[in-house]
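Right, one structure below, let's go through it.
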Amino acid sequence: MRTTNAPASRARRKARLELAKGFYGARSKLFRTATEAVDRAMRLATEHRKLKKRDYRQLWIARINAATRAEGISYSKFMAGLIKAGVTLNRKMLSEIAIADPQGFKAIVEIAKNA
């Protein structure tokens with residue numbers, strides 16, 4: 001009698017197709033194309049988790065730059081001034097302050113200008 005390991009291989013296929021749920025057309029139905037699509041998706045998900053951090057930092061810097069230029073100082077001079085003044089606010093918080101509390105941000109810009 002031939003043994004096939006059917007339960008295990010069926011479970012493997014089912015698990016792989018489950019991961020491909022929501023993919024378009026054959027990518028969610030056929031095992032080989034689903035496997036390729038899932039492998040690619042997993043690889044890109046790993047890469048994009050790293051890129052997300054970069055993208056957010058870029059966004060915060062753009063926001064801070066816009067807010068500082070409105071106050072008549074460049075981003076680089078602003079950041080240099082903060083470092084000299086010993087202000088340890090990170091870029092995420094600076095961008096949030098620039099959006100939510102313009103008066104508070106103006107005060108921080110003054111600290112940076114004076115330093």
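FYI, nothing fancy with the structure tokens labels: chains A, B, ... in order, residues from 1 per chain, ligands from 1 as they appear.
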
Legend entry - DSSP-assigned alpha helix (DSSP H) members of chain A, reported as a VMD selection string: chain A and resid 6 to 19 31 to 70 75 to 85 91 to 100 102 to 114

Using C-alpha atoms, can you write the selected residues to a file as a compact mmCIF listing (two decimals), in the first residue's frame?
# COMPACT_ATOMS: atom_id res chain seq x y z
CA ALA A 6 -1.88 13.45 2.43
CA PRO A 7 -3.08 15.17 5.65
CA ALA A 8 0.20 17.08 6.06
CA SER A 9 0.54 18.13 2.42
CA ARG A 10 -3.12 19.15 2.30
CA ALA A 11 -2.60 21.22 5.45
CA ARG A 12 0.47 22.87 3.90
CA ARG A 13 -1.48 23.75 0.75
CA LYS A 14 -4.44 25.01 2.75
CA ALA A 15 -2.21 27.19 4.94
CA ARG A 16 -0.48 28.70 1.89
CA LEU A 17 -3.80 29.40 0.11
CA GLU A 18 -5.15 30.91 3.34
CA LEU A 19 -2.24 33.41 3.31
CA PHE A 31 -1.19 26.69 -5.38
CA ARG A 32 1.95 27.53 -7.35
CA THR A 33 0.98 31.11 -8.23
CA ALA A 34 -0.33 31.63 -4.70
CA THR A 35 3.00 30.42 -3.28
CA GLU A 36 4.94 32.83 -5.48
CA ALA A 37 2.63 35.70 -4.58
CA VAL A 38 2.79 34.96 -0.84
CA ASP A 39 6.61 34.63 -0.90
CA ARG A 40 6.87 38.00 -2.62
CA ALA A 41 4.35 39.60 -0.26
CA MET A 42 6.26 38.33 2.79
CA ARG A 43 9.57 39.58 1.41
CA LEU A 44 8.14 43.02 0.64
CA ALA A 45 6.35 43.21 4.00
CA THR A 46 9.72 42.80 5.74
CA GLU A 47 11.33 45.43 3.51
CA HIS A 48 8.44 47.87 3.91
CA ARG A 49 8.47 47.63 7.71
CA LYS A 50 12.00 49.05 7.49
CA LEU A 51 11.03 51.67 4.87
CA LYS A 52 8.05 52.85 6.93
CA LYS A 53 10.41 54.21 9.58
CA ARG A 54 12.31 56.13 6.89
CA ASP A 55 9.11 57.48 5.34
CA TYR A 56 7.77 58.77 8.67
CA ARG A 57 11.03 60.50 9.55
CA GLN A 58 11.00 62.15 6.11
CA LEU A 59 7.42 63.34 6.71
CA TRP A 60 8.26 64.79 10.15
CA ILE A 61 11.27 66.63 8.75
CA ALA A 62 9.18 68.09 5.90
CA ARG A 63 6.58 69.31 8.41
CA ILE A 64 9.18 70.85 10.72
CA ASN A 65 10.91 72.48 7.75
CA ALA A 66 7.63 74.06 6.59
CA ALA A 67 6.87 75.32 10.10
CA THR A 68 10.37 76.73 10.71
CA ARG A 69 10.48 78.51 7.35
CA ALA A 70 7.19 80.20 8.27
CA TYR A 75 15.37 73.49 9.23
CA SER A 76 19.11 72.87 9.59
CA LYS A 77 19.71 76.09 11.57
CA PHE A 78 16.68 75.28 13.74
CA MET A 79 17.95 71.77 14.56
CA ALA A 80 21.48 73.07 15.19
CA GLY A 81 20.04 75.69 17.56
CA LEU A 82 18.03 73.07 19.45
CA ILE A 83 21.12 70.90 19.91
CA LYS A 84 23.13 73.89 21.21
CA ALA A 85 20.27 74.83 23.56
CA ARG A 91 11.37 65.05 15.24
CA LYS A 92 8.05 63.24 15.70
CA MET A 93 7.15 65.40 18.70
CA LEU A 94 8.43 68.59 17.05
CA SER A 95 6.19 67.97 14.03
CA GLU A 96 3.18 67.26 16.28
CA ILE A 97 3.81 70.49 18.22
CA ALA A 98 4.15 72.43 14.95
CA ILE A 99 0.70 71.18 13.87
CA ALA A 100 -1.23 71.21 17.15
CA PRO A 102 1.77 76.87 16.72
CA GLN A 103 2.39 79.25 19.67
CA GLY A 104 4.38 76.58 21.52
CA PHE A 105 6.36 75.85 18.38
CA LYS A 106 7.08 79.57 17.99
CA ALA A 107 8.57 79.52 21.51
CA ILE A 108 10.76 76.54 20.62
CA VAL A 109 11.94 78.37 17.47
CA GLU A 110 12.89 81.37 19.64
CA ILE A 111 14.92 79.09 21.94
CA ALA A 112 16.72 77.70 18.87
CA LYS A 113 17.34 81.19 17.44
CA ASN A 114 18.82 82.45 20.71

Computed gap from atom CA of Leu89 of chain A to atom CA of Ala115 of chain A is 15.3 Å
